[in-house]
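Enquirer: See entry.txt below, with compact mmCIF, N, CA and C atoms.
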```txt
# COMPACT_ATOMS: atom_id res chain seq x y z
N MET A 1 76.15 85.30 78.34
CA MET A 1 75.72 85.78 77.04
C MET A 1 74.21 85.62 76.95
N ALA A 2 73.49 86.63 76.46
CA ALA A 2 72.04 86.60 76.38
C ALA A 2 71.59 85.63 75.30
N GLU A 3 70.53 84.92 75.59
CA GLU A 3 69.98 83.96 74.64
C GLU A 3 69.09 84.71 73.65
N TYR A 4 69.21 84.39 72.37
CA TYR A 4 68.39 85.05 71.35
C TYR A 4 67.04 84.36 71.29
N ASN A 5 65.99 85.13 71.56
CA ASN A 5 64.63 84.61 71.50
C ASN A 5 63.89 85.39 70.43
N PRO A 6 63.78 84.84 69.23
CA PRO A 6 63.12 85.58 68.15
C PRO A 6 61.63 85.73 68.43
N THR A 7 61.11 86.88 68.06
CA THR A 7 59.68 87.11 68.19
C THR A 7 59.00 86.60 66.93
N ALA A 8 57.68 86.59 66.98
CA ALA A 8 56.92 86.16 65.81
C ALA A 8 57.21 87.09 64.64
N ASN A 9 57.40 88.37 64.92
CA ASN A 9 57.70 89.32 63.85
C ASN A 9 59.07 89.03 63.24
N ASP A 10 60.06 88.67 64.08
CA ASP A 10 61.38 88.31 63.57
C ASP A 10 61.29 87.09 62.66
N MET A 11 60.51 86.09 63.12
CA MET A 11 60.38 84.88 62.31
C MET A 11 59.67 85.19 60.99
N LYS A 12 58.70 86.09 61.03
CA LYS A 12 58.00 86.48 59.81
C LYS A 12 58.97 87.16 58.84
N LYS A 13 59.81 88.05 59.38
CA LYS A 13 60.80 88.73 58.53
C LYS A 13 61.78 87.72 57.94
N ASP A 14 62.23 86.75 58.76
CA ASP A 14 63.15 85.73 58.26
C ASP A 14 62.50 84.89 57.16
N ALA A 15 61.25 84.52 57.38
CA ALA A 15 60.55 83.71 56.37
C ALA A 15 60.37 84.50 55.08
N THR A 16 60.05 85.79 55.21
CA THR A 16 59.89 86.63 54.03
C THR A 16 61.22 86.75 53.27
N ALA A 17 62.30 86.95 54.03
CA ALA A 17 63.62 87.06 53.39
C ALA A 17 63.99 85.76 52.68
N ALA A 18 63.71 84.62 53.33
CA ALA A 18 64.01 83.33 52.71
C ALA A 18 63.17 83.13 51.46
N GLY A 19 61.92 83.54 51.51
CA GLY A 19 61.05 83.43 50.34
C GLY A 19 61.54 84.30 49.20
N GLN A 20 61.97 85.51 49.52
CA GLN A 20 62.49 86.40 48.49
C GLN A 20 63.77 85.85 47.89
N GLN A 21 64.63 85.26 48.74
CA GLN A 21 65.87 84.67 48.23
C GLN A 21 65.56 83.49 47.32
N ALA A 22 64.60 82.66 47.74
CA ALA A 22 64.22 81.51 46.90
C ALA A 22 63.65 81.99 45.57
N LYS A 23 62.84 83.06 45.61
CA LYS A 23 62.27 83.62 44.38
C LYS A 23 63.39 84.11 43.46
N LYS A 24 64.35 84.80 44.06
CA LYS A 24 65.48 85.32 43.27
C LYS A 24 66.26 84.16 42.65
N ASP A 25 66.52 83.12 43.47
CA ASP A 25 67.27 81.97 42.96
C ASP A 25 66.50 81.27 41.84
N LEU A 26 65.19 81.13 42.01
CA LEU A 26 64.38 80.49 40.97
C LEU A 26 64.40 81.34 39.69
N ASN A 27 64.29 82.65 39.82
CA ASN A 27 64.34 83.51 38.65
C ASN A 27 65.68 83.39 37.93
N GLU A 28 66.76 83.36 38.72
CA GLU A 28 68.09 83.21 38.11
C GLU A 28 68.21 81.86 37.41
N GLY A 29 67.69 80.80 38.05
CA GLY A 29 67.74 79.48 37.43
C GLY A 29 66.92 79.43 36.15
N ALA A 30 65.73 80.05 36.19
CA ALA A 30 64.89 80.07 35.00
C ALA A 30 65.56 80.87 33.88
N LYS A 31 66.21 81.97 34.25
CA LYS A 31 66.92 82.77 33.24
C LYS A 31 68.05 81.96 32.63
N LYS A 32 68.77 81.21 33.47
CA LYS A 32 69.87 80.40 32.96
C LYS A 32 69.36 79.32 32.01
N VAL A 33 68.25 78.69 32.39
CA VAL A 33 67.68 77.67 31.50
C VAL A 33 67.22 78.30 30.19
N GLY A 34 66.60 79.49 30.29
CA GLY A 34 66.18 80.20 29.07
C GLY A 34 67.36 80.54 28.19
N ASP A 35 68.44 81.00 28.81
CA ASP A 35 69.65 81.32 28.04
C ASP A 35 70.21 80.06 27.37
N ASP A 36 70.19 78.95 28.12
CA ASP A 36 70.68 77.69 27.54
C ASP A 36 69.82 77.27 26.35
N ILE A 37 68.52 77.46 26.46
CA ILE A 37 67.62 77.10 25.35
C ILE A 37 67.91 77.98 24.14
N ARG A 38 68.11 79.28 24.37
CA ARG A 38 68.44 80.17 23.25
C ARG A 38 69.77 79.76 22.59
N ASP A 39 70.76 79.44 23.45
CA ASP A 39 72.05 79.00 22.90
C ASP A 39 71.88 77.74 22.07
N THR A 40 71.08 76.82 22.57
CA THR A 40 70.86 75.57 21.84
C THR A 40 70.15 75.84 20.52
N ALA A 41 69.17 76.75 20.56
CA ALA A 41 68.46 77.08 19.32
C ALA A 41 69.42 77.71 18.32
N ASP A 42 70.30 78.57 18.80
CA ASP A 42 71.29 79.17 17.90
C ASP A 42 72.20 78.11 17.31
N LYS A 43 72.66 77.20 18.17
CA LYS A 43 73.54 76.13 17.68
C LYS A 43 72.79 75.23 16.71
N MET A 44 71.51 75.01 16.99
CA MET A 44 70.73 74.15 16.11
C MET A 44 70.59 74.78 14.73
N SER A 45 70.43 76.10 14.70
CA SER A 45 70.31 76.75 13.40
C SER A 45 71.65 76.73 12.66
N GLN A 46 72.75 76.69 13.43
CA GLN A 46 74.07 76.66 12.80
C GLN A 46 74.53 75.23 12.52
N ASN A 47 74.09 74.28 13.32
CA ASN A 47 74.55 72.91 13.17
C ASN A 47 73.34 71.99 13.25
N SER A 48 73.11 71.25 12.23
CA SER A 48 71.92 70.40 12.19
C SER A 48 72.21 68.98 12.64
N ALA A 49 73.27 68.78 13.37
CA ALA A 49 73.60 67.43 13.83
C ALA A 49 72.60 67.03 14.92
N ALA A 50 71.77 66.06 14.65
CA ALA A 50 70.70 65.64 15.56
C ALA A 50 71.28 65.05 16.85
N GLY A 51 72.35 64.32 16.79
CA GLY A 51 72.94 63.70 17.98
C GLY A 51 73.42 64.74 18.97
N SER A 52 74.07 65.77 18.46
CA SER A 52 74.57 66.83 19.33
C SER A 52 73.41 67.57 19.99
N LEU A 53 72.36 67.81 19.20
CA LEU A 53 71.19 68.50 19.73
C LEU A 53 70.50 67.66 20.79
N LYS A 54 70.39 66.38 20.55
CA LYS A 54 69.74 65.47 21.52
C LYS A 54 70.54 65.45 22.82
N ASP A 55 71.86 65.37 22.73
CA ASP A 55 72.70 65.37 23.93
C ASP A 55 72.56 66.68 24.70
N ARG A 56 72.55 67.78 23.97
CA ARG A 56 72.44 69.10 24.61
C ARG A 56 71.08 69.24 25.31
N GLY A 57 70.03 68.77 24.67
CA GLY A 57 68.69 68.82 25.27
C GLY A 57 68.61 67.97 26.53
N ALA A 58 69.19 66.78 26.50
CA ALA A 58 69.20 65.91 27.68
C ALA A 58 70.00 66.55 28.81
N GLU A 59 71.10 67.18 28.45
CA GLU A 59 71.94 67.87 29.45
C GLU A 59 71.16 69.03 30.09
N MET A 60 70.45 69.79 29.28
CA MET A 60 69.66 70.91 29.81
C MET A 60 68.54 70.41 30.71
N ALA A 61 67.89 69.34 30.31
CA ALA A 61 66.80 68.79 31.12
C ALA A 61 67.34 68.31 32.47
N GLN A 62 68.49 67.67 32.47
CA GLN A 62 69.08 67.20 33.72
C GLN A 62 69.48 68.38 34.61
N THR A 63 70.03 69.41 33.99
CA THR A 63 70.40 70.62 34.74
C THR A 63 69.17 71.25 35.39
N ALA A 64 68.09 71.32 34.63
CA ALA A 64 66.85 71.89 35.16
C ALA A 64 66.33 71.05 36.33
N ARG A 65 66.36 69.72 36.20
CA ARG A 65 65.91 68.83 37.29
C ARG A 65 66.78 69.01 38.53
N ASP A 66 68.09 69.07 38.32
CA ASP A 66 69.01 69.23 39.45
C ASP A 66 68.78 70.57 40.17
N THR A 67 68.61 71.62 39.38
CA THR A 67 68.37 72.94 39.96
C THR A 67 67.06 72.95 40.74
N ALA A 68 66.01 72.39 40.17
CA ALA A 68 64.71 72.34 40.86
C ALA A 68 64.82 71.54 42.15
N GLN A 69 65.51 70.42 42.11
CA GLN A 69 65.69 69.59 43.32
C GLN A 69 66.44 70.35 44.40
N ASP A 70 67.47 71.11 43.98
CA ASP A 70 68.24 71.91 44.93
C ASP A 70 67.34 72.95 45.60
N TYR A 71 66.50 73.62 44.83
CA TYR A 71 65.59 74.63 45.41
C TYR A 71 64.57 73.99 46.33
N VAL A 72 64.08 72.84 45.98
CA VAL A 72 63.12 72.13 46.83
C VAL A 72 63.77 71.78 48.17
N GLU A 73 65.00 71.30 48.12
CA GLU A 73 65.71 70.95 49.37
C GLU A 73 65.95 72.18 50.23
N ARG A 74 66.35 73.28 49.60
CA ARG A 74 66.58 74.52 50.36
C ARG A 74 65.29 74.98 51.04
N ALA A 75 64.20 74.95 50.29
CA ALA A 75 62.91 75.38 50.84
C ALA A 75 62.48 74.47 51.98
N ARG A 76 62.69 73.17 51.83
CA ARG A 76 62.33 72.21 52.88
C ARG A 76 63.15 72.46 54.14
N GLU A 77 64.45 72.70 53.98
CA GLU A 77 65.31 72.97 55.14
C GLU A 77 64.91 74.26 55.84
N ALA A 78 64.66 75.31 55.05
CA ALA A 78 64.26 76.60 55.65
C ALA A 78 62.93 76.46 56.36
N GLY A 79 61.99 75.76 55.76
CA GLY A 79 60.69 75.56 56.40
C GLY A 79 60.82 74.79 57.69
N GLY A 80 61.62 73.75 57.70
CA GLY A 80 61.84 72.97 58.92
C GLY A 80 62.49 73.80 60.01
N GLU A 81 63.45 74.63 59.61
CA GLU A 81 64.13 75.48 60.58
C GLU A 81 63.16 76.49 61.19
N TYR A 82 62.34 77.12 60.36
CA TYR A 82 61.39 78.11 60.87
C TYR A 82 60.31 77.43 61.73
N ALA A 83 59.88 76.25 61.34
CA ALA A 83 58.89 75.53 62.15
C ALA A 83 59.48 75.19 63.52
N GLY A 84 60.73 74.77 63.56
CA GLY A 84 61.38 74.46 64.83
C GLY A 84 61.52 75.70 65.70
N ARG A 85 61.89 76.82 65.09
CA ARG A 85 62.02 78.05 65.86
C ARG A 85 60.67 78.51 66.40
N ALA A 86 59.64 78.39 65.56
CA ALA A 86 58.30 78.79 66.00
C ALA A 86 57.83 77.89 67.14
N ARG A 87 58.10 76.60 67.04
CA ARG A 87 57.71 75.67 68.10
C ARG A 87 58.43 75.99 69.41
N ALA A 88 59.72 76.29 69.32
CA ALA A 88 60.49 76.63 70.52
C ALA A 88 59.99 77.93 71.14
N GLU A 89 59.68 78.91 70.31
CA GLU A 89 59.17 80.19 70.82
C GLU A 89 57.81 80.00 71.47
N ALA A 90 56.95 79.20 70.86
CA ALA A 90 55.63 78.94 71.45
C ALA A 90 55.77 78.24 72.80
N GLU A 91 56.67 77.30 72.89
CA GLU A 91 56.91 76.59 74.16
C GLU A 91 57.44 77.55 75.21
N ARG A 92 58.35 78.42 74.82
CA ARG A 92 58.90 79.40 75.77
C ARG A 92 57.80 80.34 76.27
N LEU A 93 56.97 80.82 75.35
CA LEU A 93 55.88 81.72 75.75
C LEU A 93 54.88 81.01 76.65
N TYR A 94 54.60 79.75 76.36
CA TYR A 94 53.68 78.97 77.19
C TYR A 94 54.24 78.81 78.61
N GLN A 95 55.51 78.47 78.71
CA GLN A 95 56.13 78.29 80.03
C GLN A 95 56.13 79.61 80.81
N THR A 96 56.43 80.71 80.11
CA THR A 96 56.45 82.01 80.76
C THR A 96 55.05 82.39 81.26
N SER A 97 54.04 82.15 80.44
CA SER A 97 52.68 82.48 80.86
C SER A 97 52.22 81.61 82.02
N GLN A 98 52.62 80.34 82.03
CA GLN A 98 52.27 79.46 83.15
C GLN A 98 52.91 79.97 84.44
N GLN A 99 54.15 80.39 84.37
CA GLN A 99 54.85 80.90 85.54
C GLN A 99 54.18 82.18 86.04
N ARG A 100 53.85 83.10 85.13
CA ARG A 100 53.22 84.35 85.53
C ARG A 100 51.83 84.10 86.12
N ALA A 101 51.08 83.18 85.54
CA ALA A 101 49.75 82.86 86.07
C ALA A 101 49.87 82.31 87.49
N SER A 102 50.86 81.50 87.72
CA SER A 102 51.09 80.95 89.06
C SER A 102 51.44 82.05 90.05
N GLU A 103 52.28 82.99 89.63
CA GLU A 103 52.66 84.11 90.49
C GLU A 103 51.45 84.98 90.83
N VAL A 104 50.62 85.25 89.82
CA VAL A 104 49.43 86.08 90.05
C VAL A 104 48.47 85.37 91.00
N ALA A 105 48.27 84.08 90.82
CA ALA A 105 47.38 83.33 91.71
C ALA A 105 47.91 83.35 93.14
N HIS A 106 49.20 83.20 93.32
CA HIS A 106 49.80 83.23 94.65
C HIS A 106 49.62 84.61 95.28
N TYR A 107 49.84 85.66 94.51
CA TYR A 107 49.68 87.03 94.99
C TYR A 107 48.23 87.28 95.41
N ALA A 108 47.28 86.87 94.57
CA ALA A 108 45.86 87.07 94.88
C ALA A 108 45.46 86.31 96.14
N GLU A 109 45.98 85.13 96.31
CA GLU A 109 45.68 84.33 97.50
C GLU A 109 46.22 85.02 98.76
N GLU A 110 47.42 85.57 98.69
CA GLU A 110 47.99 86.29 99.83
C GLU A 110 47.15 87.51 100.19
N ARG A 111 46.74 88.29 99.18
CA ARG A 111 45.94 89.48 99.44
C ARG A 111 44.57 89.11 100.01
N TYR A 112 43.98 88.04 99.50
CA TYR A 112 42.69 87.59 100.02
C TYR A 112 42.82 87.21 101.50
N ASP A 113 43.89 86.49 101.82
CA ASP A 113 44.11 86.11 103.22
C ASP A 113 44.28 87.34 104.11
N GLU A 114 45.02 88.35 103.62
CA GLU A 114 45.21 89.57 104.41
C GLU A 114 43.90 90.31 104.64
N VAL A 115 43.09 90.44 103.58
CA VAL A 115 41.80 91.13 103.71
C VAL A 115 40.88 90.35 104.64
N SER A 116 40.85 89.05 104.52
CA SER A 116 40.00 88.23 105.40
C SER A 116 40.41 88.40 106.86
N GLU A 117 41.68 88.40 107.11
CA GLU A 117 42.17 88.57 108.49
C GLU A 117 41.82 89.96 109.02
N MET A 118 41.95 90.98 108.18
CA MET A 118 41.62 92.34 108.61
C MET A 118 40.12 92.46 108.92
N VAL A 119 39.26 91.84 108.12
CA VAL A 119 37.82 91.87 108.36
C VAL A 119 37.49 91.15 109.66
N ARG A 120 38.17 90.04 109.94
CA ARG A 120 37.92 89.31 111.19
C ARG A 120 38.33 90.13 112.41
N ARG A 121 39.40 90.88 112.31
CA ARG A 121 39.87 91.69 113.43
C ARG A 121 39.02 92.94 113.65
N ASN A 122 38.54 93.53 112.55
CA ASN A 122 37.78 94.78 112.64
C ASN A 122 36.47 94.67 111.85
N PRO A 123 35.51 93.90 112.31
CA PRO A 123 34.28 93.70 111.53
C PRO A 123 33.46 94.99 111.38
N ALA A 124 33.42 95.82 112.37
CA ALA A 124 32.62 97.04 112.29
C ALA A 124 33.22 97.99 111.26
N GLN A 125 34.52 98.13 111.28
CA GLN A 125 35.20 99.00 110.32
C GLN A 125 34.98 98.49 108.90
N ALA A 126 35.10 97.19 108.69
CA ALA A 126 34.90 96.59 107.37
C ALA A 126 33.48 96.82 106.89
N LEU A 127 32.50 96.68 107.81
CA LEU A 127 31.09 96.89 107.45
C LEU A 127 30.86 98.35 107.07
N GLY A 128 31.49 99.27 107.79
CA GLY A 128 31.36 100.69 107.49
C GLY A 128 31.96 101.04 106.12
N ILE A 129 33.11 100.49 105.82
CA ILE A 129 33.75 100.72 104.53
C ILE A 129 32.88 100.18 103.40
N ALA A 130 32.33 98.98 103.59
CA ALA A 130 31.48 98.37 102.57
C ALA A 130 30.22 99.21 102.35
N ALA A 131 29.64 99.73 103.44
CA ALA A 131 28.44 100.56 103.33
C ALA A 131 28.77 101.86 102.60
N GLY A 132 29.90 102.46 102.90
CA GLY A 132 30.31 103.70 102.24
C GLY A 132 30.52 103.50 100.74
N ILE A 133 31.16 102.43 100.39
CA ILE A 133 31.38 102.12 98.96
C ILE A 133 30.05 101.88 98.27
N GLY A 134 29.16 101.14 98.93
CA GLY A 134 27.83 100.90 98.36
C GLY A 134 27.06 102.19 98.14
N PHE A 135 27.15 103.12 99.13
CA PHE A 135 26.47 104.40 99.02
C PHE A 135 27.01 105.20 97.82
N LEU A 136 28.34 105.24 97.66
CA LEU A 136 28.95 105.97 96.55
C LEU A 136 28.56 105.37 95.19
N VAL A 137 28.56 104.05 95.11
CA VAL A 137 28.15 103.40 93.85
C VAL A 137 26.70 103.71 93.55
N GLY A 138 25.85 103.72 94.59
CA GLY A 138 24.44 104.07 94.39
C GLY A 138 24.27 105.49 93.88
N LEU A 139 25.05 106.44 94.41
CA LEU A 139 24.97 107.82 93.94
C LEU A 139 25.39 107.92 92.47
N ILE A 140 26.45 107.27 92.15
CA ILE A 140 26.96 107.33 90.77
C ILE A 140 25.94 106.74 89.80
N LEU A 141 25.36 105.62 90.16
CA LEU A 141 24.38 104.97 89.28
C LEU A 141 23.08 105.76 89.21
N ALA A 142 22.69 106.44 90.28
CA ALA A 142 21.46 107.21 90.29
C ALA A 142 21.54 108.43 89.39
N ARG A 143 22.71 108.98 89.19
CA ARG A 143 22.88 110.18 88.35
C ARG A 143 22.80 109.87 86.87
N ARG A 144 22.87 108.67 86.51
CA ARG A 144 22.82 108.28 85.10
C ARG A 144 21.43 108.24 84.70
```
What does the file become when written as structure tokens?
Expert:
Amino acid sequence: MAEYNPTANDMKKDATAAGQQAKKDLNEGAKKVGDDIRDTADKMSQNSAAGSLKDRGAEMAQTARDTAQDYVERAREAGGEYAGRARAEAERLYQTSQQRASEVAHYAEERYDEVSEMVRRNPAQALGIAAGIGFLVGLILARR
């Protein structure tokens, strides 16, 4: 089974979606608290019992604190998850780049050895090729 390796763009989309969901949840929570306040105000106008009003206000305040704490925990968990994914992706990219750099260095070393050996075997031919390339570069630069 193929391993899922999210790209930076995927992580950005996930973070945006999580932010939008948190915004939606906060708006719904705020609307609920607003509705509760309106209900309490209506009850207060209908019933002037101070004890009942005090209890209802304390209950609403606790509900608001609980809801806010829940959203804070969700945001903290989502942030930790995205940070972990970003760290893992960065480590994977670093390892991949190290491996590719090693492969390129090995390839360049092999080609250098081949060219050096060819020059040692055919010095006159190598000198002729170098002179021809130099002549062509001189012509190109002289026309400018």
Enquirer: For the atom pair CA of Ile37 in chain A and CA of Gln69 in chain A, what is the interatomic distance in Å to one decimal place?
Expert: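 Distance reported for this atom pair: 19.6 Å.
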Enquirer: So, counting only C-alpha atoms, which residue among A:Asp25, A:Glu103, A:Glu91, A:Asp36 is closest to Thr63 in chain A?
Expert: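 Checking each of A:Asp25, A:Glu103, A:Glu91, A:Asp36 against Thr63 in chain A, counting only C-alpha atoms, the winner is A:Asp36.
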Enquirer: To one decimal place, how far is CA of Gly34 in chain A from CA of Thr67 in chain A in Å?
Expert: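 Separation between CA of Gly34 in chain A and CA of Thr67 in chain A: 13.3 Å.
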Enquirer: To one decimal place in Å, what is the distance between atom C of Val119 in chain A and atom N of Gly138 in chain A?
Expert: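 Pair atom C of Val119 in chain A / atom N of Gly138 in chain A returns 22.8 Å.
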